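**Q** Contents of protein34.cif (mmCIF, C-alpha atoms) are below:
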```cif
data_run
#
loop_
_atom_site.label_atom_id
_atom_site.label_comp_id
_atom_site.auth_asym_id
_atom_site.auth_seq_id
_atom_site.Cartn_x
_atom_site.Cartn_y
_atom_site.Cartn_z
CA MET A 1 -21.69 2.89 0.40
CA ARG A 2 -20.87 1.64 -3.07
CA VAL A 3 -17.17 1.56 -3.94
CA THR A 4 -16.27 2.65 -7.47
CA GLY A 5 -13.12 3.30 -9.46
CA PHE A 6 -11.28 0.00 -9.20
CA PRO A 7 -7.68 -0.45 -10.39
CA LYS A 8 -7.67 -1.07 -14.15
CA ASN A 9 -4.56 -3.19 -14.56
CA ASP A 10 -4.19 -4.48 -18.11
CA HIS A 11 -1.97 -7.52 -17.47
CA SER A 12 0.93 -5.86 -19.31
CA ASN A 13 3.31 -5.74 -16.33
CA GLY A 14 6.61 -7.17 -17.53
CA TRP A 15 7.94 -7.92 -14.05
CA TYR A 16 4.89 -10.08 -13.31
CA ASN A 17 4.76 -11.74 -16.70
CA ILE A 18 8.36 -12.99 -16.52
CA LEU A 19 7.83 -14.73 -13.18
CA GLU A 20 8.37 -18.47 -13.40
CA GLU A 21 5.14 -19.27 -11.57
CA HIS A 22 1.63 -17.78 -11.41
CA PRO A 23 -0.24 -19.89 -8.85
CA PRO A 24 -4.05 -19.68 -9.10
CA ALA A 25 -5.69 -16.94 -7.05
CA CYS A 26 -7.61 -17.74 -3.89
CA VAL A 27 -10.82 -15.66 -4.13
CA TRP A 28 -12.97 -14.61 -1.15
CA GLU A 29 -16.27 -16.47 -1.37
CA GLY A 30 -19.32 -16.67 0.88
CA GLU A 31 -19.75 -14.97 4.25
CA GLY A 32 -17.17 -14.82 6.98
CA THR A 33 -15.63 -12.82 9.79
CA ALA A 34 -12.16 -11.74 10.78
CA ASP A 35 -10.58 -9.81 13.61
CA TRP A 36 -8.81 -7.56 11.12
CA ALA A 37 -9.35 -6.81 7.43
CA VAL A 38 -6.54 -5.32 5.36
CA ILE A 39 -7.56 -3.92 1.97
CA GLY A 40 -4.76 -3.77 -0.59
CA GLY A 41 -1.99 -6.24 -1.35
CA GLY A 42 0.90 -3.91 -2.12
CA PHE A 43 3.92 -3.16 0.04
CA ALA A 44 1.87 -1.35 2.70
CA GLY A 45 -0.92 -3.91 2.92
CA LEU A 46 1.46 -6.87 3.02
CA ALA A 47 3.54 -5.21 5.74
CA ALA A 48 0.46 -4.35 7.80
CA ALA A 49 -0.93 -7.87 7.56
CA ARG A 50 2.42 -9.44 8.44
CA ARG A 51 2.98 -7.19 11.44
CA LEU A 52 -0.56 -7.76 12.73
CA GLY A 53 0.02 -11.49 12.38
CA GLU A 54 3.15 -11.20 14.49
CA LEU A 55 1.61 -8.95 17.14
CA ARG A 56 -1.76 -10.73 17.36
CA PRO A 57 -1.04 -14.44 16.76
CA GLY A 58 -4.48 -15.43 18.04
CA ASP A 59 -6.37 -13.13 15.66
CA ARG A 60 -7.58 -13.87 12.16
CA ILE A 61 -6.24 -11.36 9.64
CA VAL A 62 -7.77 -11.31 6.16
CA LEU A 63 -6.18 -9.36 3.30
CA LEU A 64 -8.30 -8.55 0.24
CA GLU A 65 -6.57 -7.61 -3.02
CA ALA A 66 -8.61 -6.37 -5.98
CA GLY A 67 -6.32 -8.01 -8.55
CA ARG A 68 -3.24 -10.20 -8.38
CA ILE A 69 -0.40 -9.43 -6.00
CA GLY A 70 2.61 -8.57 -8.15
CA GLU A 71 0.42 -7.42 -11.02
CA ASN A 72 -0.69 -4.43 -8.91
CA ALA A 73 1.09 -1.10 -8.49
CA SER A 74 3.72 -2.46 -6.09
CA GLY A 75 4.80 -4.97 -8.73
CA ARG A 76 4.97 -2.32 -11.47
CA ASN A 77 7.68 0.02 -10.17
CA SER A 78 11.26 0.16 -11.46
CA GLY A 79 12.69 -2.02 -8.71
CA PHE A 80 14.39 0.53 -6.43
CA ILE A 81 14.07 0.49 -2.64
CA ILE A 82 15.27 3.99 -1.93
CA ASP A 83 16.64 5.16 1.40
CA LEU A 84 17.01 8.87 0.61
CA PRO A 85 14.11 11.30 0.06
CA HIS A 86 13.67 12.48 -3.53
CA ALA A 87 13.63 16.09 -2.34
CA LEU A 88 16.05 17.13 0.40
CA SER A 89 15.27 20.26 2.39
CA ARG A 90 18.02 22.54 3.65
CA GLU A 91 15.48 24.16 5.99
CA GLN A 92 14.30 20.91 7.61
CA PRO A 93 17.29 18.58 8.11
CA GLU A 94 15.58 16.70 10.94
CA HIS A 95 12.65 15.96 8.64
CA ASP A 96 15.10 14.48 6.12
CA ARG A 97 16.91 12.48 8.79
CA ARG A 98 13.63 11.02 10.01
CA GLN A 99 12.66 9.97 6.49
CA ILE A 100 16.06 8.38 5.91
CA ARG A 101 15.85 6.56 9.24
CA ILE A 102 12.45 5.03 8.57
CA ASN A 103 13.29 4.15 4.96
CA ARG A 104 16.35 2.27 6.17
CA GLN A 105 14.27 0.43 8.74
CA ALA A 106 12.10 -0.76 5.86
CA ILE A 107 15.14 -1.88 3.85
CA ALA A 108 16.55 -3.75 6.85
CA TRP A 109 13.23 -5.48 7.57
CA LEU A 110 12.69 -6.46 3.94
CA GLY A 111 16.27 -7.67 3.71
CA ASP A 112 15.80 -9.89 6.75
CA LEU A 113 12.60 -11.33 5.25
CA VAL A 114 14.24 -11.97 1.89
CA GLU A 115 17.12 -13.78 3.56
CA HIS A 116 15.04 -15.73 6.08
CA HIS A 117 12.45 -16.92 3.57
CA GLN A 118 14.89 -17.20 0.65
CA ILE A 119 12.73 -14.99 -1.56
CA ARG A 120 14.19 -15.03 -5.07
CA CYS A 121 13.81 -11.43 -6.19
CA HIS A 122 17.29 -10.44 -7.43
CA TRP A 123 17.92 -8.55 -4.17
CA SER A 124 20.99 -6.42 -4.83
CA ARG A 125 22.64 -3.87 -2.54
CA ARG A 126 24.12 -1.96 -5.47
CA GLY A 127 23.11 1.57 -4.62
CA LYS A 128 21.92 3.94 -7.34
CA VAL A 129 23.39 6.67 -9.52
CA HIS A 130 21.75 10.04 -10.15
CA VAL A 131 22.82 10.96 -13.68
CA ALA A 132 22.99 14.15 -15.74
CA ALA A 133 23.73 14.76 -19.40
CA ARG A 134 23.71 18.58 -19.43
CA SER A 135 25.09 21.37 -17.27
CA ARG A 136 21.67 22.41 -15.99
CA ALA A 137 21.00 18.93 -14.66
CA ARG A 138 24.51 18.82 -13.21
CA ARG A 139 23.61 21.80 -11.05
CA ASN A 140 20.87 19.66 -9.49
CA LEU A 141 23.55 17.13 -8.60
CA ASP A 142 25.60 19.92 -7.00
CA VAL A 143 22.67 20.81 -4.77
CA MET A 144 21.96 17.20 -3.84
CA GLN A 145 25.62 16.50 -3.04
CA ALA A 146 25.80 19.57 -0.79
CA ARG A 147 22.65 18.63 1.10
CA LEU A 148 23.78 15.04 1.56
CA GLY A 149 27.05 16.40 2.89
CA ASP A 150 25.16 18.56 5.39
CA LEU A 151 23.35 15.41 6.57
CA GLY A 152 26.58 13.42 6.85
CA GLU A 153 25.47 10.98 4.15
CA ASP A 154 27.93 9.10 1.96
CA CYS A 155 27.94 9.85 -1.76
CA GLU A 156 30.48 9.87 -4.60
CA ARG A 157 30.67 12.16 -7.63
CA TRP A 158 31.38 10.23 -10.82
CA ASP A 159 32.67 11.70 -14.07
CA ARG A 160 31.80 10.52 -17.58
CA GLY A 161 34.55 7.90 -17.61
CA ARG A 162 33.53 6.34 -14.31
CA LEU A 163 29.88 6.32 -15.36
CA ALA A 164 30.69 4.69 -18.70
CA ALA A 165 32.73 1.98 -16.98
CA PHE A 166 29.90 1.26 -14.55
CA LEU A 167 26.91 1.54 -16.90
CA GLY A 168 28.31 0.61 -20.30
CA THR A 169 26.96 3.81 -21.89
CA ASP A 170 28.73 7.17 -22.17
CA SER A 171 25.47 9.13 -22.43
CA PHE A 172 25.98 10.92 -19.14
CA ALA A 173 28.52 13.58 -18.26
CA ASP A 174 28.09 13.56 -14.50
CA GLY A 175 26.70 11.34 -11.78
CA LEU A 176 26.18 11.12 -8.03
CA PHE A 177 26.37 7.64 -6.53
CA THR A 178 24.54 6.89 -3.27
CA PRO A 179 25.19 3.46 -1.74
CA GLY A 180 22.09 2.81 0.38
CA CYS A 181 19.56 1.91 -2.34
CA VAL A 182 18.60 -1.73 -2.98
CA LEU A 183 17.66 -3.02 -6.43
CA MET A 184 15.21 -5.90 -6.88
CA GLN A 185 12.52 -7.49 -9.05
CA PRO A 186 9.37 -5.95 -7.53
CA ALA A 187 6.79 -8.53 -8.64
CA ALA A 188 9.01 -11.33 -7.38
CA LEU A 189 9.48 -9.55 -4.05
CA VAL A 190 5.82 -8.86 -3.31
CA THR A 191 4.66 -12.32 -4.40
CA GLY A 192 7.39 -13.79 -2.22
CA LEU A 193 6.25 -11.70 0.73
CA ALA A 194 2.66 -12.83 0.18
CA ARG A 195 3.67 -16.50 0.19
CA THR A 196 5.53 -16.24 3.50
CA MET A 197 2.94 -14.71 5.82
CA PRO A 198 2.31 -15.82 9.42
CA ASP A 199 -0.16 -18.70 9.68
CA ASN A 200 -2.98 -16.46 10.93
CA VAL A 201 -2.88 -14.23 7.82
CA GLU A 202 -5.06 -15.22 4.85
CA ILE A 203 -4.77 -13.55 1.45
CA PHE A 204 -7.54 -13.40 -1.13
CA GLU A 205 -6.89 -12.05 -4.63
CA ASN A 206 -9.25 -11.00 -7.42
CA SER A 207 -11.54 -9.90 -4.58
CA PRO A 208 -12.31 -6.19 -5.06
CA VAL A 209 -14.48 -4.56 -2.41
CA ARG A 210 -17.62 -3.28 -4.13
CA GLU A 211 -19.55 -2.09 -1.06
CA PHE A 212 -18.36 -0.82 2.30
CA HIS A 213 -20.61 -0.40 5.34
CA ASP A 214 -19.16 1.35 8.39
CA GLY A 215 -20.27 0.84 11.98
CA ALA A 216 -19.17 -0.94 15.12
CA THR A 217 -18.54 -3.86 12.81
CA LYS A 218 -17.47 -3.05 9.28
CA THR A 219 -18.86 -5.00 6.32
CA LEU A 220 -16.98 -5.48 3.06
CA VAL A 221 -18.94 -6.84 0.12
CA THR A 222 -17.14 -8.41 -2.85
CA SER A 223 -18.56 -9.89 -6.04
CA THR A 224 -18.57 -13.34 -4.46
CA GLY A 225 -19.00 -12.81 -0.75
CA ARG A 226 -19.17 -10.69 2.37
CA LEU A 227 -16.58 -10.14 5.11
CA THR A 228 -17.25 -8.49 8.48
CA ALA A 229 -14.53 -7.24 10.79
CA PRO A 230 -14.36 -4.72 13.65
CA ARG A 231 -11.06 -3.25 12.45
CA ILE A 232 -9.91 -2.32 8.95
CA ILE A 233 -6.63 -1.07 7.52
CA LEU A 234 -6.79 0.65 4.13
CA ALA A 235 -3.61 0.29 2.06
CA ILE A 236 -4.98 1.35 -1.32
CA ASN A 237 -3.34 4.73 -1.98
CA GLY A 238 -5.31 6.75 -4.54
CA TRP A 239 -8.40 4.60 -4.14
CA THR A 240 -8.85 5.62 -0.47
CA SER A 241 -11.33 8.32 -1.46
CA ALA A 242 -13.59 5.63 -2.95
CA PHE A 243 -14.17 4.52 0.65
CA GLY A 244 -15.10 8.04 1.72
CA PHE A 245 -11.76 9.18 3.16
CA LEU A 246 -9.05 11.72 2.26
CA GLY A 247 -11.09 13.39 -0.47
CA ARG A 248 -8.94 15.80 -2.55
CA LYS A 249 -5.88 14.96 -0.45
CA LEU A 250 -4.40 12.30 -2.75
CA LEU A 251 -3.26 12.61 -6.35
CA THR A 252 -2.13 9.83 -8.67
CA ILE A 253 0.41 9.99 -11.48
CA HIS A 254 0.95 7.26 -14.07
CA THR A 255 4.51 6.35 -14.98
CA PHE A 256 5.56 3.98 -17.77
CA ALA A 257 8.28 1.38 -18.17
CA SER A 258 9.51 -1.03 -20.84
CA LEU A 259 11.60 -4.16 -20.28
CA THR A 260 13.75 -5.86 -22.91
CA ARG A 261 14.38 -9.50 -23.54
CA PRO A 262 17.55 -10.84 -21.84
CA LEU A 263 20.74 -9.81 -23.62
CA ASP A 264 22.68 -12.71 -25.14
CA ASP A 265 26.36 -13.30 -24.37
CA ALA A 266 27.61 -11.20 -27.27
CA GLU A 267 25.31 -8.32 -26.35
CA GLN A 268 26.37 -8.45 -22.72
CA LYS A 269 29.99 -8.22 -23.82
CA ALA A 270 29.21 -5.32 -26.17
CA LEU A 271 27.39 -3.46 -23.40
CA GLY A 272 30.10 -3.95 -20.81
CA GLY A 273 29.58 -2.25 -17.48
CA GLU A 274 29.98 -3.63 -13.98
CA GLY A 275 27.00 -5.88 -13.37
CA ASP A 276 23.47 -4.85 -12.46
CA TRP A 277 22.76 -1.18 -11.84
CA GLY A 278 20.07 1.49 -11.56
CA THR A 279 20.06 5.17 -12.50
CA ILE A 280 17.79 8.04 -11.48
CA PRO A 281 17.55 11.22 -13.61
CA ALA A 282 18.66 14.55 -12.20
CA PHE A 283 15.46 16.06 -13.68
CA LEU A 284 11.92 14.88 -12.98
CA GLY A 285 11.13 14.37 -16.67
CA GLY A 286 14.26 12.33 -17.33
CA THR A 287 14.78 8.61 -17.85
CA THR A 288 15.13 6.05 -15.08
CA MET A 289 17.10 2.97 -16.16
CA ARG A 290 17.91 -0.50 -14.87
CA TYR A 291 20.21 -3.29 -15.97
CA THR A 292 18.92 -6.33 -14.13
CA ARG A 293 20.56 -9.45 -12.80
CA ASP A 294 18.88 -11.49 -15.52
CA LYS A 295 20.50 -9.20 -18.13
CA ARG A 296 17.53 -7.09 -19.19
CA LEU A 297 17.44 -3.35 -19.76
CA LEU A 298 14.56 -1.30 -18.38
CA ILE A 299 13.58 2.21 -19.42
CA ARG A 300 11.11 4.23 -17.36
CA LEU A 301 10.07 7.46 -19.03
CA ALA A 302 6.90 9.57 -19.45
CA LEU A 303 4.22 10.73 -17.03
CA ARG A 304 0.46 11.05 -17.35
CA TYR A 305 -2.16 12.56 -15.05
CA ARG A 306 -5.36 10.56 -15.40
CA PRO A 307 -7.78 11.06 -12.49
CA ASP A 308 -9.99 8.26 -13.83
CA PHE A 309 -7.01 5.84 -13.78
CA THR A 310 -7.51 5.00 -17.47
CA ILE A 311 -4.50 4.20 -19.65
CA THR A 312 -5.24 3.17 -23.23
CA ARG A 313 -3.40 0.97 -25.71
CA ARG A 314 -2.68 4.14 -27.64
CA ASP A 315 -0.97 5.61 -24.57
CA LEU A 316 1.20 2.51 -24.26
CA ALA A 317 2.08 2.54 -27.96
CA THR A 318 3.06 6.22 -27.80
CA VAL A 319 5.21 5.70 -24.73
CA ARG A 320 6.83 2.57 -26.16
CA ARG A 321 8.07 4.61 -29.14
CA GLN A 322 9.67 7.07 -26.70
CA HIS A 323 11.29 4.18 -24.86
CA VAL A 324 12.63 2.66 -28.09
CA HIS A 325 14.19 6.01 -29.01
CA SER A 326 15.74 6.38 -25.54
CA LEU A 327 17.11 2.83 -25.65
CA SER A 328 18.66 3.18 -29.11
CA ARG A 329 20.20 6.55 -28.25
CA ARG A 330 21.82 5.34 -25.05
CA PHE A 331 22.73 1.79 -26.05
CA PRO A 332 23.73 1.84 -29.75
CA MET A 333 26.13 -1.03 -29.08
CA VAL A 334 23.17 -3.46 -28.79
CA PRO A 335 20.97 -2.43 -31.75
CA ARG A 336 19.03 -5.71 -32.00
CA VAL A 337 17.79 -5.66 -28.40
CA THR A 338 14.03 -5.15 -28.31
CA PHE A 339 11.39 -4.57 -25.67
CA GLU A 340 9.18 -7.48 -24.67
CA HIS A 341 6.91 -5.57 -22.28
CA THR A 342 5.56 -2.03 -21.82
CA TRP A 343 3.26 -1.08 -18.95
CA SER A 344 2.07 1.72 -16.71
CA GLY A 345 2.09 2.05 -12.94
CA VAL A 346 0.57 4.49 -10.48
CA MET A 347 2.28 6.74 -7.93
CA CYS A 348 0.25 8.33 -5.15
CA MET A 349 1.27 11.86 -4.15
CA SER A 350 0.23 14.38 -1.51
CA ARG A 351 0.41 18.13 -1.91
CA ASN A 352 2.93 18.49 0.91
CA SER A 353 4.85 15.27 0.12
CA VAL A 354 3.98 13.41 3.31
CA PRO A 355 2.34 10.00 3.82
CA LYS A 356 -0.86 9.23 5.65
CA CYS A 357 -0.23 6.66 8.35
CA GLY A 358 -2.79 6.61 11.12
CA THR A 359 -6.44 6.70 12.12
CA LEU A 360 -9.20 7.69 9.70
CA SER A 361 -12.16 6.97 11.98
CA ASP A 362 -13.14 4.58 14.74
CA GLY A 363 -11.72 1.18 13.85
CA ILE A 364 -10.30 2.31 10.50
CA TRP A 365 -6.66 3.10 9.79
CA ALA A 366 -4.73 3.97 6.63
CA ALA A 367 -1.21 3.45 5.33
CA VAL A 368 -1.25 5.32 2.03
CA CYS A 369 0.57 7.87 -0.13
CA GLN A 370 4.28 7.12 -0.39
CA ASN A 371 5.14 9.95 -2.79
CA GLY A 372 7.29 7.91 -5.17
CA VAL A 373 9.19 5.89 -2.55
CA GLY A 374 6.62 3.12 -2.41
CA ALA A 375 8.72 0.06 -1.63
CA ALA A 376 10.40 1.59 1.42
CA LYS A 377 7.75 4.05 2.60
CA GLY A 378 4.89 1.66 1.89
CA THR A 379 6.55 -1.14 3.82
CA ILE A 380 7.36 0.96 6.84
CA SER A 381 3.95 2.71 6.81
CA GLY A 382 2.23 -0.67 6.78
CA ARG A 383 4.30 -1.89 9.68
CA ALA A 384 3.77 1.33 11.62
CA VAL A 385 0.00 1.43 11.13
CA ALA A 386 -0.28 -2.17 12.34
CA GLU A 387 1.64 -1.25 15.48
CA MET A 388 -0.57 1.82 16.00
CA ALA A 389 -3.76 -0.17 15.53
CA ALA A 390 -2.55 -2.90 17.86
CA GLY A 391 -1.79 -0.34 20.58
CA GLU A 392 1.98 -0.72 20.46
CA ASP A 393 4.11 2.20 21.63
CA THR A 394 7.24 2.02 19.47
CA ASP A 395 9.87 4.42 18.19
CA LEU A 396 8.56 3.82 14.68
CA VAL A 397 5.04 4.86 15.68
CA ALA A 398 6.48 8.02 17.23
CA ASP A 399 8.46 8.78 14.06
CA MET A 400 5.43 8.36 11.81
CA ALA A 401 3.29 10.51 14.10
CA GLU A 402 5.66 13.44 13.44
CA PHE A 403 4.52 13.82 9.83
CA GLU A 404 2.11 16.71 9.30
CA ASP A 405 -1.42 16.21 8.03
CA LEU A 406 -2.09 15.94 4.32
CA GLN A 407 -2.93 19.22 2.64
CA ARG A 408 -5.93 19.43 0.34
CA PHE A 409 -5.56 19.84 -3.44
CA PRO A 410 -7.69 22.36 -5.33
CA PRO A 411 -10.79 21.07 -7.14
CA ARG A 412 -10.20 18.82 -10.15
CA PHE A 413 -11.04 21.55 -12.67
CA VAL A 414 -8.03 23.45 -11.29
CA THR A 415 -5.74 20.51 -10.53
CA THR A 416 -6.08 18.83 -13.94
CA PRO A 417 -4.74 21.66 -16.15
CA VAL A 418 -2.06 22.51 -13.59
CA MET A 419 -0.80 18.91 -13.51
CA GLN A 420 -0.92 18.61 -17.30
CA ALA A 421 1.14 21.79 -17.58
CA ARG A 422 3.66 20.62 -14.99
CA ILE A 423 4.12 17.26 -16.71
CA LEU A 424 4.63 18.99 -20.06
CA GLY A 425 7.05 21.41 -18.43
CA ALA A 426 9.02 18.56 -16.88
CA ARG A 427 9.28 16.85 -20.26
CA LEU A 428 10.44 20.01 -22.02
CA THR A 429 12.91 20.85 -19.26
CA ALA A 430 14.39 17.36 -19.27
CA GLY A 431 15.44 17.57 -22.92
CA ARG A 432 18.47 15.30 -23.39
CA GLU A 433 17.90 13.80 -19.93
CA ALA A 434 14.82 11.99 -21.32
#
```
Could you write out this file's structure as structure tokens?

**A**
Amino acid sequence: MRVTGFPKNDHSNGWYNILEEHPPACVWEGEGTADWAVIGGGFAGLAAARRLGELRPGDRIVLLEAGRIGENASGRNSGFIIDLPHALSREQPEHDRRQIRINRQAIAWLGDLVEHHQIRCHWSRRGKVHVAARSRARRNLDVMQARLGDLGEDCERWDRGRLAAFLGTDSFADGLFTPGCVLMQPAALVTGLARTMPDNVEIFENSPVREFHDGATKTLVTSTGRLTAPRIILAINGWTSAFGFLGRKLLTIHTFASLTRPLDDAEQKALGGEGDWGTIPAFLGGTTMRYTRDKRLLIRLALRYRPDFTITRRDLATVRRQHVHSLSRRFPMVPRVTFEHTWSGVMCMSRNSVPKCGTLSDGIWAAVCQNGVGAAKGTISGRAVAEMAAGEDTDLVADMAEFEDLQRFPPRFVTTPVMQARILGARLTAGREA
């Protein structure tokens, strides 16, 4: 079958563009074979390839990435590795505990890899702060604090003064600090992971799969070659349906971020605060913010539903104006600070907020759909699917098997207006949180 709908990255990703090095891509060329093929070079694909390399040291594992690792979706997020689910359920505490457990396994594994391989990605165990400007958003913090208390999870309620001392801005009236989140530079992390693979793992970039032929041996055709392998792992999130799987079970949302130049010494002093930090809005339509270890401010704000994955320059210009307004409103003490980069990234969602980690058909597995917790859930899904495919019986495999099946979305003619309305509603509801 012909594969269509490739990622349309526009090379605007600030995290990737500020990296010190961009080594040339190694492209798949000619014909060849492998014992395993992994498609997708994000957190899930890199984790799957690494774990297969560890479990099957005598096998050849080939990873194909359509673009550049670090320029793809995993390098475009806001740089949070989150341990807690975005939505906590009072009715299903064991479901929440399982998600927290596996997210923390991902954080621990990534932390070990960062330390062992000395990956320079601004790894920072700073936690995160959920922030609210208005009373309605503060009620969301009340609910979250109560549910974390029911789960026995540590958290601290911060008032305006504590928030201002930590962040340098007094824009927020209330906050809930959770200590388990890690902050990092996502493009630096994923490129570092790619450079430190086991010897039997080979990575090829700028090698999109244009044809896929199933059978006892699977054939992957790129623009410059052909790869055959008996076993394939798909780690491509919303593009899984292009390979004939999970139709109408995955939905993608575009988010947008802007990154400033580094603040100079005087601007750092004017901002104040207590080092690097990250905030999450109490409302879906609110602003996510980072202050990075290299002294940049990041604003993530605005959502778009584009089933064709197309984001235009006009979209980016519109969003950038929103980001400039948000920056100037929250950080008036640094009026000359400007954005150097604005970009979009894609989140993959399921209707019932669960991932897909397991078998699709004979010899084909998937680790997709992390529902906005891509760094942690993608990493652990990739590891788990490799263990499943290799026949390992582990506690992690058992945990991932507990997730229910993905539910199907309505047809696009229904889903599109519903999603557009929900995104507009989130923006209007957020108000001063945006």

**Q** Suppose a student applies the PyMOL selection byres ((chain A and resi 308-318) around 12) to this structure; what residues should they get, written as a count of residues only?

**A** 47

**Q** Point out the residue among A:Ile364, A:Cys357, A:Ala376, A:Leu167 with the least atom-to-atom distance to Arg290 in chain A, counting only C-alpha atoms.

**A** A:Leu167

**Q** Name the residues that the PyMOL selection byres ((chain A and resi 129) around 10) pulls out of this structure, and write them as an NGL selection string.

**A** :A and (126-128 or 130-132 or 155-158 or 163 or 166-167 or 174-179 or 181 or 277-282 or 288-289)

**Q** Of the candidates A:His213, A:Arg330, A:His95, A:Lys295, which one gets nearest to Lys269 in chain A if we count only C-alpha atoms?

**A**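 Result for the nearest residue to Lys269 in chain A: A:Lys295.
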
**Q** Could you tell me, as a compact mmCIF listing (two decimals) with C-alpha atoms, keeping the file's coordinate frame, exactly which residues end up selected when the PyMOL selection byres ((chain A and resi 395) around 12) is applied to this structure?

**A**
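result-v1.txt, written as the output of this step:
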```
# COMPACT_ATOMS: atom_id res chain seq x y z
CA ARG A 98 13.63 11.02 10.01
CA ARG A 101 15.85 6.56 9.24
CA ILE A 102 12.45 5.03 8.57
CA GLN A 105 14.27 0.43 8.74
CA ARG A 383 4.30 -1.89 9.68
CA ALA A 384 3.77 1.33 11.62
CA GLU A 387 1.64 -1.25 15.48
CA MET A 388 -0.57 1.82 16.00
CA GLU A 392 1.98 -0.72 20.46
CA ASP A 393 4.11 2.20 21.63
CA THR A 394 7.24 2.02 19.47
CA LEU A 396 8.56 3.82 14.68
CA VAL A 397 5.04 4.86 15.68
CA ALA A 398 6.48 8.02 17.23
CA ASP A 399 8.46 8.78 14.06
CA MET A 400 5.43 8.36 11.81
CA ALA A 401 3.29 10.51 14.10
CA GLU A 402 5.66 13.44 13.44
```
